[in-house]
Amino acid sequence: MKTLLTSRMLGNRSGKRLLGMGTAVLLGALAAGCDSGDKKGLTVGFSQIGSESGWRAAETKLARQGAEAKGITLKFSDAQQRQENQIKAVRSFIAQGVDAILLAPVVSSGWDEVLGEAKAANIPVILLDRQIDTPNVDLYLTAVTSDTIEEGRVAGRWLAGKVQGRDCRIVEIQGTVGASLVANRKKGFEEAIATAPNLHLVRTQSGEFTRAKGKEVMEGFLKAEAPGSICAVYSHNDDMMIGAIQAIKEAGLKPGTDILTVSIDGVPDIFKAMADGDANATVELAPDMAPRAYDILLAYRKDHAPPPKWVQTPSKLYEPDTAAAEYARRKDLY
Ligand code: AHR
C-alpha cells in the first residue's frame, strides 16, 4: 500500500516543495497509466502485423479474449504488414504511457531505436511469434515464440519418412521475406531433408503467407515443372497451402495423393483439408501467444524476477488420423 505524504508530515518549506514534486510525479504517473499497481488493471499496447493468415486472426482473437479475461485494457494496432506502421504504433503506445507493449515484428531487423525508446520510458516489451535481430537483448523482456527451425525440421522429417527412399522433387512456398521465422523454417526443413538423398528441393518462392499468393506461386511451380514431376509441397503456413491445394486441383491433380503436402500453423481449414484427403500434415503453431505473455507480465510485475529471454511454445505434428476431431475442436476457437 502506498503512503501518501502530507505537508504537515513534512513540516517545512523544502518538505512542501518535495511534496509538490512528488504529487506532480504521482499525477503524471497515474495519467500515464504507469503506476497501476495492477489493481486498476494493466493497459497493454499490441502492435500486430496484420491479418494475412487464419493463424494471425486467431492470435488477435485470443489476445483480445485473454485481455478481457484478465481485466487488461488492450490497445490494438494493425500494421498492415508494414514495419513503419509498427514503429509508429510503438511510439504512440509509449506516448500514451501503457504498462507494457506486445510486438509481433513483421521483419527481424530495424527495431533497436524504437525499442530503446520503450526501454528509456521503462515500458517492458514482449515479442510475440517472431524474434528480432539485435545485439542488445535487454531491449525486450522476453520473446514468446515457437522454435521456428524445429518447425521446419519436423516438416522435413515427416516428408522423409513419408516418401521412404523414392525420389521426390519438392517445391517450397516461403513466408514474408525478411521475417525471422522464414529463414529458420527453410533452414530446419533443409537440414532434415539433407539426411535423405532421395529428397530434392527444386524450387522455392515467397507466397507472403497469404492464400492468394500461395495459389499464384503454386500455379507458377506447376507450369515450370514437367507434368507430374512435383512430388511434394512444403509451405511455411497453412493458408498458402490452402491456396496451393486449389492450384493443384485446378491443374487436374489430386492434392494429398499426387502431390504430398506439409505445412505449418494448424488452422481449422487445413484440418478440414486433411479430413477431406486433400492435405497430409501440419505442424501446429500455438496461437495463444498473447495470453502467455499476459501471464509472464503479471508474474514479472509481482515478483520482479525477469522471465527467461525465450519462452518456447510447442511444435506438434498432426496427420489425417485426428483431422476431423481437430477440425471440430478448433473451428470455433479460431
Ligand atoms: O509468425 C507466425 C506466422 O505468421 C504464421 O505461421 C503465419 O501464418 C503468420 O502469418
# chains A, B, ... in the order shown; residues from 1 in each chain; ligands from 1
$ closest_atom_pairs --of "chain A" --to "ligand 1" --cutoff "6 Å" --atoms "only C-alpha atoms and all ligand atoms" --output "JSON lines"
{"residue": "A:Glu52", "atom": "CA", "partner": "ligand 1", "partner_atom_place_in_ligand_line": "10 (O)", "distance": 5.5}
{"residue": "A:Ser53", "atom": "CA", "partner": "ligand 1", "partner_atom_place_in_ligand_line": "8 (O)", "distance": 4.9}
{"residue": "A:Trp55", "atom": "CA", "partner": "ligand 1", "partner_atom_place_in_ligand_line": "8 (O)", "distance": 4.9}
{"residue": "A:Arg56", "atom": "CA", "partner": "ligand 1", "partner_atom_place_in_ligand_line": "10 (O)", "distance": 5.3}
{"residue": "A:Asp129", "atom": "CA", "partner": "ligand 1", "partner_atom_place_in_ligand_line": "1 (O)", "distance": 4.9}
{"residue": "A:Arg130", "atom": "CA", "partner": "ligand 1", "partner_atom_place_in_ligand_line": "1 (O)", "distance": 5.3}
{"residue": "A:Phe209", "atom": "CA", "partner": "ligand 1", "partner_atom_place_in_ligand_line": "10 (O)", "distance": 5.3}
{"residue": "A:Asn237", "atom": "CA", "partner": "ligand 1", "partner_atom_place_in_ligand_line": "8 (O)", "distance": 4.9}
{"residue": "A:Asp265", "atom": "CA", "partner": "ligand 1", "partner_atom_place_in_ligand_line": "6 (O)", "distance": 5.3}
$ write_last_selection --atoms "C-alpha atoms" --output "PDB file, in the first residue's frame"
ATOM      1  CA  GLU A  52      -2.568 -12.155 -43.585  1.00  0.00           C
ATOM      2  CA  SER A  53      -3.480 -15.619 -42.317  1.00  0.00           C
ATOM      3  CA  TRP A  55      -3.355 -18.146 -37.711  1.00  0.00           C
ATOM      4  CA  ARG A  56      -2.784 -14.422 -37.264  1.00  0.00           C
ATOM      5  CA  ASP A 129       5.683 -15.235 -32.514  1.00  0.00           C
ATOM      6  CA  ARG A 130       8.762 -13.786 -34.234  1.00  0.00           C
ATOM      7  CA  PHE A 209       1.833 -16.003 -46.002  1.00  0.00           C
ATOM      8  CA  ASN A 237       1.970 -21.687 -43.452  1.00  0.00           C
ATOM      9  CA  ASP A 265       0.193 -23.457 -38.251  1.00  0.00           C
TER      10      ASP A 265
END
$ residues_around --residues "Lys186 of chain A" --least-positions-apart "4" --cutoff "9 Å" --atoms "only C-alpha atoms" --output "ChimeraX atom specification"
/A:149,152-153,172,174,181-182,190-191,236
$ write_last_selection --atoms "N, CA and C atoms" --output "compact mmCIF listing (two decimals), in the first residue's frame"
# COMPACT_ATOMS: atom_id res chain seq x y z
N ILE A 149 13.10 -23.09 -36.28
CA ILE A 149 13.97 -24.02 -37.03
C ILE A 149 13.41 -25.44 -36.86
N GLY A 152 10.55 -26.41 -39.11
CA GLY A 152 11.00 -26.85 -40.43
C GLY A 152 11.52 -28.28 -40.39
N ARG A 153 12.24 -28.59 -39.30
CA ARG A 153 12.78 -29.96 -39.16
C ARG A 153 11.64 -30.97 -39.05
N GLU A 172 8.86 -25.40 -52.47
CA GLU A 172 8.67 -24.74 -51.17
C GLU A 172 8.04 -23.36 -51.36
N GLN A 174 7.57 -20.02 -49.38
CA GLN A 174 8.07 -19.34 -48.17
C GLN A 174 7.12 -18.24 -47.72
N LEU A 181 11.35 -15.95 -38.92
CA LEU A 181 10.98 -17.36 -38.99
C LEU A 181 11.07 -17.94 -40.40
N VAL A 182 11.12 -17.10 -41.41
CA VAL A 182 11.14 -17.62 -42.79
C VAL A 182 12.49 -18.30 -43.06
N GLU A 190 15.53 -27.83 -44.64
CA GLU A 190 16.68 -28.27 -45.45
C GLU A 190 17.59 -29.21 -44.65
N GLU A 191 17.76 -28.88 -43.38
CA GLU A 191 18.58 -29.75 -42.51
C GLU A 191 17.99 -31.16 -42.48
N HIS A 236 5.30 -22.64 -45.76
CA HIS A 236 5.61 -22.07 -44.44
C HIS A 236 4.36 -21.72 -43.64
$ select_by_dssp --residues "segment 157-251 of chain A" --states "helix (DSSP H, G or I)" --output "MDAnalysis selection string"
chainID A and resid 157:163 180:194 211:224 238:250
$ write_last_selection --atoms "N, CA and C atoms" --output "tab-separated table (two decimals), in the first residue's frame"
chain	number	residue	atom	x	y	z
A	157	ARG	N	11.33	-33.99	-41.57
A	157	ARG	CA	11.42	-35.39	-41.10
A	157	ARG	C	10.16	-36.16	-41.50
A	158	TRP	N	9.02	-35.49	-41.35
A	158	TRP	CA	7.77	-36.16	-41.72
A	158	TRP	C	7.81	-36.57	-43.20
A	159	LEU	N	8.28	-35.65	-44.07
A	159	LEU	CA	8.29	-35.93	-45.50
A	159	LEU	C	9.27	-37.07	-45.82
A	160	ALA	N	10.44	-37.01	-45.20
A	160	ALA	CA	11.44	-38.07	-45.44
A	160	ALA	C	10.85	-39.43	-45.07
A	161	GLY	N	10.14	-39.48	-43.96
A	161	GLY	CA	9.51	-40.74	-43.53
A	161	GLY	C	8.41	-41.16	-44.49
A	162	LYS	N	7.70	-40.20	-45.02
A	162	LYS	CA	6.55	-40.50	-45.87
A	162	LYS	C	6.96	-41.05	-47.23
A	163	VAL	N	8.01	-40.48	-47.84
A	163	VAL	CA	8.36	-40.94	-49.20
A	163	VAL	C	9.28	-42.16	-49.19
A	180	SER	N	11.99	-13.26	-39.35
A	180	SER	CA	12.96	-14.16	-38.73
A	180	SER	C	12.62	-15.63	-39.00
A	181	LEU	N	11.35	-15.95	-38.92
A	181	LEU	CA	10.98	-17.36	-38.99
A	181	LEU	C	11.07	-17.94	-40.40
A	182	VAL	N	11.12	-17.10	-41.41
A	182	VAL	CA	11.14	-17.62	-42.79
A	182	VAL	C	12.49	-18.30	-43.06
A	183	ALA	N	13.57	-17.61	-42.73
A	183	ALA	CA	14.89	-18.22	-42.90
A	183	ALA	C	14.99	-19.48	-42.04
A	184	ASN	N	14.42	-19.43	-40.84
A	184	ASN	CA	14.51	-20.57	-39.93
A	184	ASN	C	13.69	-21.78	-40.40
A	185	ARG	N	12.47	-21.51	-40.87
A	185	ARG	CA	11.64	-22.63	-41.34
A	185	ARG	C	12.30	-23.28	-42.55
A	186	LYS	N	12.97	-22.48	-43.35
A	186	LYS	CA	13.66	-23.03	-44.52
A	186	LYS	C	14.88	-23.85	-44.05
A	187	LYS	N	15.64	-23.26	-43.14
A	187	LYS	CA	16.86	-23.91	-42.65
A	187	LYS	C	16.55	-25.27	-42.02
A	188	GLY	N	15.55	-25.30	-41.14
A	188	GLY	CA	15.20	-26.55	-40.45
A	188	GLY	C	14.76	-27.61	-41.43
A	189	PHE	N	13.97	-27.21	-42.41
A	189	PHE	CA	13.48	-28.17	-43.40
A	189	PHE	C	14.65	-28.73	-44.21
A	190	GLU	N	15.53	-27.83	-44.64
A	190	GLU	CA	16.68	-28.27	-45.45
A	190	GLU	C	17.59	-29.21	-44.65
A	191	GLU	N	17.76	-28.88	-43.38
A	191	GLU	CA	18.58	-29.75	-42.51
A	191	GLU	C	17.99	-31.16	-42.48
A	192	ALA	N	16.67	-31.23	-42.30
A	192	ALA	CA	16.02	-32.55	-42.16
A	192	ALA	C	16.06	-33.33	-43.46
A	193	ILE	N	15.86	-32.67	-44.60
A	193	ILE	CA	15.84	-33.45	-45.85
A	193	ILE	C	17.26	-33.78	-46.33
A	194	ALA	N	18.26	-33.07	-45.79
A	194	ALA	CA	19.65	-33.35	-46.18
A	194	ALA	C	20.05	-34.77	-45.78
A	211	ARG	N	-3.20	-16.79	-48.78
A	211	ARG	CA	-3.81	-17.83	-49.64
A	211	ARG	C	-3.65	-17.47	-51.11
A	212	ALA	N	-3.98	-16.21	-51.44
A	212	ALA	CA	-3.96	-15.80	-52.85
A	212	ALA	C	-2.57	-15.96	-53.44
A	213	LYS	N	-1.56	-15.52	-52.70
A	213	LYS	CA	-0.18	-15.61	-53.19
A	213	LYS	C	0.30	-17.06	-53.24
A	214	GLY	N	-0.13	-17.84	-52.24
A	214	GLY	CA	0.25	-19.26	-52.22
A	214	GLY	C	-0.26	-19.96	-53.48
A	215	LYS	N	-1.48	-19.62	-53.86
A	215	LYS	CA	-2.08	-20.22	-55.06
A	215	LYS	C	-1.29	-19.80	-56.31
A	216	GLU	N	-1.00	-18.51	-56.36
A	216	GLU	CA	-0.27	-17.97	-57.52
A	216	GLU	C	1.11	-18.64	-57.65
A	217	VAL	N	1.80	-18.77	-56.54
A	217	VAL	CA	3.15	-19.37	-56.56
A	217	VAL	C	3.06	-20.83	-57.00
A	218	MET	N	2.08	-21.55	-56.48
A	218	MET	CA	1.94	-22.97	-56.85
A	218	MET	C	1.60	-23.10	-58.33
A	219	GLU	N	0.77	-22.20	-58.84
A	219	GLU	CA	0.46	-22.25	-60.28
A	219	GLU	C	1.74	-22.10	-61.09
A	220	GLY	N	2.60	-21.19	-60.65
A	220	GLY	CA	3.89	-20.98	-61.33
A	220	GLY	C	4.75	-22.24	-61.28
A	221	PHE	N	4.81	-22.87	-60.11
A	221	PHE	CA	5.61	-24.10	-59.97
A	221	PHE	C	5.07	-25.19	-60.91
A	222	LEU	N	3.76	-25.33	-60.96
A	222	LEU	CA	3.16	-26.39	-61.78
A	222	LEU	C	3.45	-26.15	-63.27
A	223	LYS	N	3.49	-24.88	-63.66
A	223	LYS	CA	3.80	-24.57	-65.06
A	223	LYS	C	5.27	-24.82	-65.36
A	224	ALA	N	6.13	-24.47	-64.39
A	224	ALA	CA	7.57	-24.54	-64.62
A	224	ALA	C	8.12	-25.97	-64.58
A	238	ASP	N	-0.23	-22.66	-43.36
A	238	ASP	CA	-1.37	-23.42	-43.89
A	238	ASP	C	-2.15	-22.62	-44.93
A	239	ASP	N	-2.25	-21.31	-44.72
A	239	ASP	CA	-3.05	-20.52	-45.66
A	239	ASP	C	-2.48	-20.61	-47.08
A	240	MET	N	-1.16	-20.47	-47.20
A	240	MET	CA	-0.56	-20.59	-48.54
A	240	MET	C	-0.80	-22.00	-49.08
A	241	MET	N	-0.81	-22.99	-48.18
A	241	MET	CA	-1.06	-24.37	-48.64
A	241	MET	C	-2.50	-24.52	-49.13
A	242	ILE	N	-3.43	-23.87	-48.47
A	242	ILE	CA	-4.83	-23.94	-48.94
A	242	ILE	C	-4.91	-23.38	-50.36
A	243	GLY	N	-4.19	-22.27	-50.60
A	243	GLY	CA	-4.14	-21.71	-51.95
A	243	GLY	C	-3.48	-22.68	-52.93
A	244	ALA	N	-2.40	-23.32	-52.48
A	244	ALA	CA	-1.67	-24.27	-53.34
A	244	ALA	C	-2.55	-25.47	-53.68
A	245	ILE	N	-3.32	-25.92	-52.70
A	245	ILE	CA	-4.22	-27.07	-52.91
A	245	ILE	C	-5.22	-26.73	-54.01
A	246	GLN	N	-5.72	-25.51	-53.99
A	246	GLN	CA	-6.65	-25.06	-55.02
A	246	GLN	C	-5.98	-25.11	-56.40
A	247	ALA	N	-4.73	-24.62	-56.45
A	247	ALA	CA	-3.99	-24.60	-57.72
A	247	ALA	C	-3.76	-26.03	-58.23
A	248	ILE	N	-3.46	-26.94	-57.31
A	248	ILE	CA	-3.20	-28.35	-57.70
A	248	ILE	C	-4.49	-28.96	-58.28
A	249	LYS	N	-5.60	-28.66	-57.62
A	249	LYS	CA	-6.89	-29.18	-58.12
A	249	LYS	C	-7.20	-28.62	-59.49
A	250	GLU	N	-6.98	-27.32	-59.65
A	250	GLU	CA	-7.28	-26.69	-60.95
A	250	GLU	C	-6.38	-27.22	-62.06
$ closest_atom_pairs --of "segment 104-136 of chain A" --to "segment 304-322 of chain A" --cutoff "12 Å" --atoms "only C-alpha atoms" --output "CSV"
residue,atom,partner,partner_atom,distance
A:Pro124,CA,A:Pro306,CA,10.6
A:Val125,CA,A:Lys309,CA,11.5
A:Ile126,CA,A:Lys309,CA,9.6
A:Leu127,CA,A:Trp310,CA,9.3
A:Leu128,CA,A:Val311,CA,9.8
A:Asp129,CA,A:Thr313,CA,9.1
A:Arg130,CA,A:Trp310,CA,10.8
A:Gln131,CA,A:Trp310,CA,9.3
A:Ile132,CA,A:Trp310,CA,11.8
A:Asn136,CA,A:Lys309,CA,11.8
$ write_last_selection --atoms "N, CA, C and O atoms" --output "compact mmCIF listing (two decimals), in the first residue's frame"
# COMPACT_ATOMS: atom_id res chain seq x y z
N PRO A 124 8.14 -2.38 -20.48
CA PRO A 124 8.62 -3.67 -20.98
C PRO A 124 7.95 -4.06 -22.30
O PRO A 124 6.76 -3.83 -22.48
N VAL A 125 8.76 -4.63 -23.17
CA VAL A 125 8.26 -5.08 -24.47
C VAL A 125 8.37 -6.60 -24.53
O VAL A 125 9.42 -7.17 -24.17
N ILE A 126 7.30 -7.25 -24.94
CA ILE A 126 7.34 -8.71 -25.14
C ILE A 126 7.13 -9.00 -26.62
O ILE A 126 6.17 -8.52 -27.23
N LEU A 127 8.06 -9.75 -27.20
CA LEU A 127 7.94 -10.11 -28.62
C LEU A 127 7.02 -11.33 -28.73
O LEU A 127 7.12 -12.26 -27.93
N LEU A 128 6.17 -11.29 -29.74
CA LEU A 128 5.26 -12.42 -29.97
C LEU A 128 5.53 -13.06 -31.32
O LEU A 128 5.62 -12.35 -32.33
N ASP A 129 5.61 -14.30 -31.37
CA ASP A 129 5.68 -15.23 -32.51
C ASP A 129 6.83 -15.06 -33.49
O ASP A 129 7.07 -15.93 -34.32
N ARG A 130 7.56 -13.95 -33.41
CA ARG A 130 8.76 -13.79 -34.23
C ARG A 130 9.85 -13.11 -33.41
O ARG A 130 9.54 -12.27 -32.56
N GLN A 131 11.08 -13.46 -33.70
CA GLN A 131 12.22 -12.88 -32.99
C GLN A 131 12.74 -11.66 -33.76
O GLN A 131 12.33 -11.43 -34.90
N ILE A 132 13.64 -10.90 -33.14
CA ILE A 132 14.29 -9.80 -33.85
C ILE A 132 15.81 -10.00 -33.81
O ILE A 132 16.32 -10.73 -32.97
N ASN A 136 21.44 -6.22 -28.63
CA ASN A 136 21.05 -5.81 -27.29
C ASN A 136 19.73 -6.47 -26.87
O ASN A 136 18.65 -5.90 -27.02
$ atom_distance --atom1 "atom CA of Glu150 of chain A" --atom2 "atom CA of Ser47 of chain A"
25.9 Å
$ select_by_dssp --residues "segment 43-278 of chain A" --states "strand (DSSP E)" --output "number ranges by chain"
A: 43-48, 73-78, 100-103, 125-128, 142-146, 168-174, 199-206, 232-235, 260-265
$ residues_around --residues "segment 196-204 of chain A" --least-positions-apart "4" --cutoff "7 Å" --atoms "only C-alpha atoms" --output "PyMOL selection string"
chain A and resi 160+165-174
$ residues_around --residues "segment 92-109 of chain A" --least-positions-apart "3" --cutoff "9 Å" --atoms "only C-alpha atoms" --output "VMD selection string"
chain A and resid 29 31 to 36 42 to 50 75 79 81 to 83 86 to 89 112 117 to 118 121 to 134 176 to 181 290 293 297
$ write_last_selection --atoms "N, CA and C atoms" --output "compact mmCIF listing (two decimals), in the first residue's frame"
# COMPACT_ATOMS: atom_id res chain seq x y z
N ALA A 29 2.37 9.98 -13.34
CA ALA A 29 2.42 8.52 -13.50
C ALA A 29 1.02 7.95 -13.65
N ALA A 31 -1.62 9.57 -14.77
CA ALA A 31 -2.14 9.96 -16.08
C ALA A 31 -1.55 9.06 -17.15
N ALA A 32 -0.28 8.69 -16.98
CA ALA A 32 0.36 7.85 -18.00
C ALA A 32 -0.03 6.39 -17.83
N GLY A 33 -0.72 6.07 -16.77
CA GLY A 33 -1.13 4.69 -16.56
C GLY A 33 0.01 3.79 -16.17
N CYS A 34 1.11 4.38 -15.64
CA CYS A 34 2.31 3.58 -15.36
C CYS A 34 2.30 2.98 -13.96
N ASP A 35 1.56 3.55 -13.05
CA ASP A 35 1.66 3.12 -11.67
C ASP A 35 0.35 2.45 -11.25
N SER A 36 -0.01 1.44 -11.98
CA SER A 36 -1.31 0.84 -11.76
C SER A 36 -1.35 -0.02 -10.51
N LEU A 42 -4.07 -3.56 -15.98
CA LEU A 42 -2.99 -3.03 -16.83
C LEU A 42 -3.53 -2.52 -18.15
N THR A 43 -2.76 -1.63 -18.73
CA THR A 43 -3.03 -1.22 -20.11
C THR A 43 -1.85 -1.71 -20.95
N VAL A 44 -2.18 -2.51 -21.96
CA VAL A 44 -1.13 -3.10 -22.79
C VAL A 44 -1.38 -2.70 -24.25
N GLY A 45 -0.33 -2.27 -24.92
CA GLY A 45 -0.42 -1.97 -26.35
C GLY A 45 0.04 -3.18 -27.15
N PHE A 46 -0.67 -3.51 -28.20
CA PHE A 46 -0.28 -4.66 -29.04
C PHE A 46 -0.13 -4.19 -30.48
N SER A 47 1.09 -4.24 -30.97
CA SER A 47 1.32 -3.92 -32.38
C SER A 47 1.33 -5.23 -33.16
N GLN A 48 0.22 -5.49 -33.83
CA GLN A 48 0.05 -6.73 -34.60
C GLN A 48 0.49 -6.47 -36.05
N ILE A 49 0.97 -7.53 -36.70
CA ILE A 49 1.47 -7.41 -38.08
C ILE A 49 0.35 -7.05 -39.06
N GLY A 50 -0.77 -7.76 -38.94
CA GLY A 50 -1.85 -7.57 -39.91
C GLY A 50 -2.83 -8.71 -39.76
N LYS A 75 -4.80 -2.01 -26.10
CA LYS A 75 -4.80 -1.04 -27.21
C LYS A 75 -4.20 -1.75 -28.40
N ALA A 79 -0.76 -3.25 -38.24
CA ALA A 79 0.27 -2.56 -39.03
C ALA A 79 0.14 -2.79 -40.53
N GLN A 81 1.09 -5.13 -42.37
CA GLN A 81 2.34 -5.71 -42.91
C GLN A 81 3.49 -4.72 -43.01
N ARG A 82 3.39 -3.53 -42.41
CA ARG A 82 4.45 -2.54 -42.62
C ARG A 82 5.17 -2.21 -41.32
N GLN A 83 6.49 -2.35 -41.37
CA GLN A 83 7.28 -2.09 -40.17
C GLN A 83 7.13 -0.63 -39.73
N GLN A 86 4.35 -0.26 -37.51
CA GLN A 86 4.60 -0.84 -36.19
C GLN A 86 5.43 0.13 -35.34
N ILE A 87 6.41 0.76 -35.98
CA ILE A 87 7.25 1.70 -35.24
C ILE A 87 6.40 2.87 -34.73
N LYS A 88 5.51 3.36 -35.60
CA LYS A 88 4.60 4.45 -35.18
C LYS A 88 3.72 4.00 -34.02
N ALA A 89 3.20 2.77 -34.12
CA ALA A 89 2.31 2.26 -33.06
C ALA A 89 3.06 2.17 -31.74
N ASP A 112 16.03 -1.53 -33.04
CA ASP A 112 16.80 -1.07 -31.88
C ASP A 112 16.39 0.32 -31.39
N GLU A 117 13.66 3.44 -27.12
CA GLU A 117 12.75 4.47 -26.58
C GLU A 117 11.80 3.87 -25.55
N ALA A 118 11.32 2.66 -25.83
CA ALA A 118 10.43 1.99 -24.86
C ALA A 118 11.20 1.70 -23.58
N ALA A 121 11.63 4.67 -21.48
CA ALA A 121 10.37 5.03 -20.81
C ALA A 121 9.96 3.97 -19.79
N ASN A 122 10.84 2.96 -19.61
CA ASN A 122 10.56 1.90 -18.61
C ASN A 122 9.35 1.05 -18.95
N ILE A 123 9.10 0.85 -20.20
CA ILE A 123 7.94 0.05 -20.61
C ILE A 123 8.46 -1.29 -21.15
N PRO A 124 8.14 -2.38 -20.48
CA PRO A 124 8.62 -3.67 -20.98
C PRO A 124 7.95 -4.06 -22.30
N VAL A 125 8.76 -4.63 -23.17
CA VAL A 125 8.26 -5.08 -24.47
C VAL A 125 8.37 -6.60 -24.53
N ILE A 126 7.30 -7.25 -24.94
CA ILE A 126 7.34 -8.71 -25.14
C ILE A 126 7.13 -9.00 -26.62
N LEU A 127 8.06 -9.75 -27.20
CA LEU A 127 7.94 -10.11 -28.62
C LEU A 127 7.02 -11.33 -28.73
N LEU A 128 6.17 -11.29 -29.74
CA LEU A 128 5.26 -12.42 -29.97
C LEU A 128 5.53 -13.06 -31.32
N ASP A 129 5.61 -14.30 -31.37
CA ASP A 129 5.68 -15.23 -32.51
C ASP A 129 6.83 -15.06 -33.49
N ARG A 130 7.56 -13.95 -33.41
CA ARG A 130 8.76 -13.79 -34.23
C ARG A 130 9.85 -13.11 -33.41
N GLN A 131 11.08 -13.46 -33.70
CA GLN A 131 12.22 -12.88 -32.99
C GLN A 131 12.74 -11.66 -33.76
N ILE A 132 13.64 -10.90 -33.14
CA ILE A 132 14.29 -9.80 -33.85
C ILE A 132 15.81 -10.00 -33.81
N ASP A 133 16.50 -9.34 -34.74
CA ASP A 133 17.97 -9.36 -34.73
C ASP A 133 18.44 -8.11 -34.00
N THR A 134 19.09 -8.30 -32.89
CA THR A 134 19.66 -7.16 -32.17
C THR A 134 20.81 -7.64 -31.32
N THR A 176 6.79 -14.34 -45.56
CA THR A 176 7.22 -12.96 -45.86
C THR A 176 8.74 -12.82 -45.79
N VAL A 177 9.30 -12.27 -46.85
CA VAL A 177 10.76 -12.07 -46.90
C VAL A 177 11.18 -11.12 -45.77
N GLY A 178 12.26 -11.49 -45.07
CA GLY A 178 12.79 -10.61 -44.01
C GLY A 178 12.29 -10.97 -42.63
N ALA A 179 11.28 -11.87 -42.55
CA ALA A 179 10.80 -12.28 -41.22
C ALA A 179 11.75 -13.33 -40.67
N SER A 180 11.99 -13.26 -39.35
CA SER A 180 12.96 -14.16 -38.73
C SER A 180 12.62 -15.63 -39.00
N LEU A 181 11.35 -15.95 -38.92
CA LEU A 181 10.98 -17.36 -38.99
C LEU A 181 11.07 -17.94 -40.40
N ALA A 290 -0.37 -14.26 -26.92
CA ALA A 290 -0.64 -13.09 -26.06
C ALA A 290 -1.07 -13.50 -24.65
N ALA A 293 1.87 -14.25 -22.82
CA ALA A 293 2.62 -13.02 -22.50
C ALA A 293 1.98 -12.29 -21.31
N LEU A 297 3.88 -11.25 -17.90
CA LEU A 297 3.90 -9.85 -17.48
C LEU A 297 3.38 -9.68 -16.06
$ decode --residues "segment 156-203 of chain A" --atoms "C-alpha atoms" --output "PDB file, in the first residue's frame"
ATOM      1  CA  GLY A 156      11.177 -32.283 -43.284  1.00  0.00           C
ATOM      2  CA  ARG A 157      11.417 -35.392 -41.096  1.00  0.00           C
ATOM      3  CA  TRP A 158       7.765 -36.161 -41.724  1.00  0.00           C
ATOM      4  CA  LEU A 159       8.287 -35.932 -45.501  1.00  0.00           C
ATOM      5  CA  ALA A 160      11.439 -38.067 -45.442  1.00  0.00           C
ATOM      6  CA  GLY A 161       9.511 -40.743 -43.533  1.00  0.00           C
ATOM      7  CA  LYS A 162       6.545 -40.497 -45.865  1.00  0.00           C
ATOM      8  CA  VAL A 163       8.362 -40.937 -49.202  1.00  0.00           C
ATOM      9  CA  GLN A 164      10.637 -43.709 -47.852  1.00  0.00           C
ATOM     10  CA  GLY A 165      13.532 -43.847 -50.321  1.00  0.00           C
ATOM     11  CA  ARG A 166      11.711 -42.957 -53.560  1.00  0.00           C
ATOM     12  CA  ASP A 167      12.956 -39.896 -55.489  1.00  0.00           C
ATOM     13  CA  CYS A 168      10.964 -36.790 -54.586  1.00  0.00           C
ATOM     14  CA  ARG A 169      11.088 -33.307 -56.125  1.00  0.00           C
ATOM     15  CA  ILE A 170       9.887 -30.778 -53.574  1.00  0.00           C
ATOM     16  CA  VAL A 171       8.688 -27.215 -54.046  1.00  0.00           C
ATOM     17  CA  GLU A 172       8.671 -24.740 -51.165  1.00  0.00           C
ATOM     18  CA  ILE A 173       6.390 -21.736 -50.598  1.00  0.00           C
ATOM     19  CA  GLN A 174       8.069 -19.344 -48.175  1.00  0.00           C
ATOM     20  CA  GLY A 175       6.522 -16.704 -45.934  1.00  0.00           C
ATOM     21  CA  THR A 176       7.222 -12.965 -45.856  1.00  0.00           C
ATOM     22  CA  VAL A 177      10.757 -12.069 -46.900  1.00  0.00           C
ATOM     23  CA  GLY A 178      12.786 -10.606 -44.014  1.00  0.00           C
ATOM     24  CA  ALA A 179      10.797 -12.277 -41.224  1.00  0.00           C
ATOM     25  CA  SER A 180      12.964 -14.162 -38.727  1.00  0.00           C
ATOM     26  CA  LEU A 181      10.979 -17.365 -38.987  1.00  0.00           C
ATOM     27  CA  VAL A 182      11.144 -17.623 -42.785  1.00  0.00           C
ATOM     28  CA  ALA A 183      14.895 -18.217 -42.896  1.00  0.00           C
ATOM     29  CA  ASN A 184      14.510 -20.572 -39.931  1.00  0.00           C
ATOM     30  CA  ARG A 185      11.644 -22.630 -41.342  1.00  0.00           C
ATOM     31  CA  LYS A 186      13.664 -23.033 -44.517  1.00  0.00           C
ATOM     32  CA  LYS A 187      16.856 -23.905 -42.655  1.00  0.00           C
ATOM     33  CA  GLY A 188      15.204 -26.545 -40.445  1.00  0.00           C
ATOM     34  CA  PHE A 189      13.479 -28.175 -43.399  1.00  0.00           C
ATOM     35  CA  GLU A 190      16.678 -28.274 -45.448  1.00  0.00           C
ATOM     36  CA  GLU A 191      18.577 -29.755 -42.513  1.00  0.00           C
ATOM     37  CA  ALA A 192      16.020 -32.545 -42.157  1.00  0.00           C
ATOM     38  CA  ILE A 193      15.838 -33.452 -45.852  1.00  0.00           C
ATOM     39  CA  ALA A 194      19.651 -33.349 -46.179  1.00  0.00           C
ATOM     40  CA  THR A 195      19.688 -36.697 -44.366  1.00  0.00           C
ATOM     41  CA  ALA A 196      17.624 -38.257 -47.203  1.00  0.00           C
ATOM     42  CA  PRO A 197      19.459 -38.162 -50.583  1.00  0.00           C
ATOM     43  CA  ASN A 198      16.221 -39.036 -52.413  1.00  0.00           C
ATOM     44  CA  LEU A 199      14.630 -35.680 -51.429  1.00  0.00           C
ATOM     45  CA  HIS A 200      15.428 -32.700 -53.665  1.00  0.00           C
ATOM     46  CA  LEU A 201      14.242 -29.158 -53.036  1.00  0.00           C
ATOM     47  CA  VAL A 202      13.901 -27.880 -56.606  1.00  0.00           C
ATOM     48  CA  ARG A 203      12.023 -24.581 -56.315  1.00  0.00           C
TER      49      ARG A 203
END
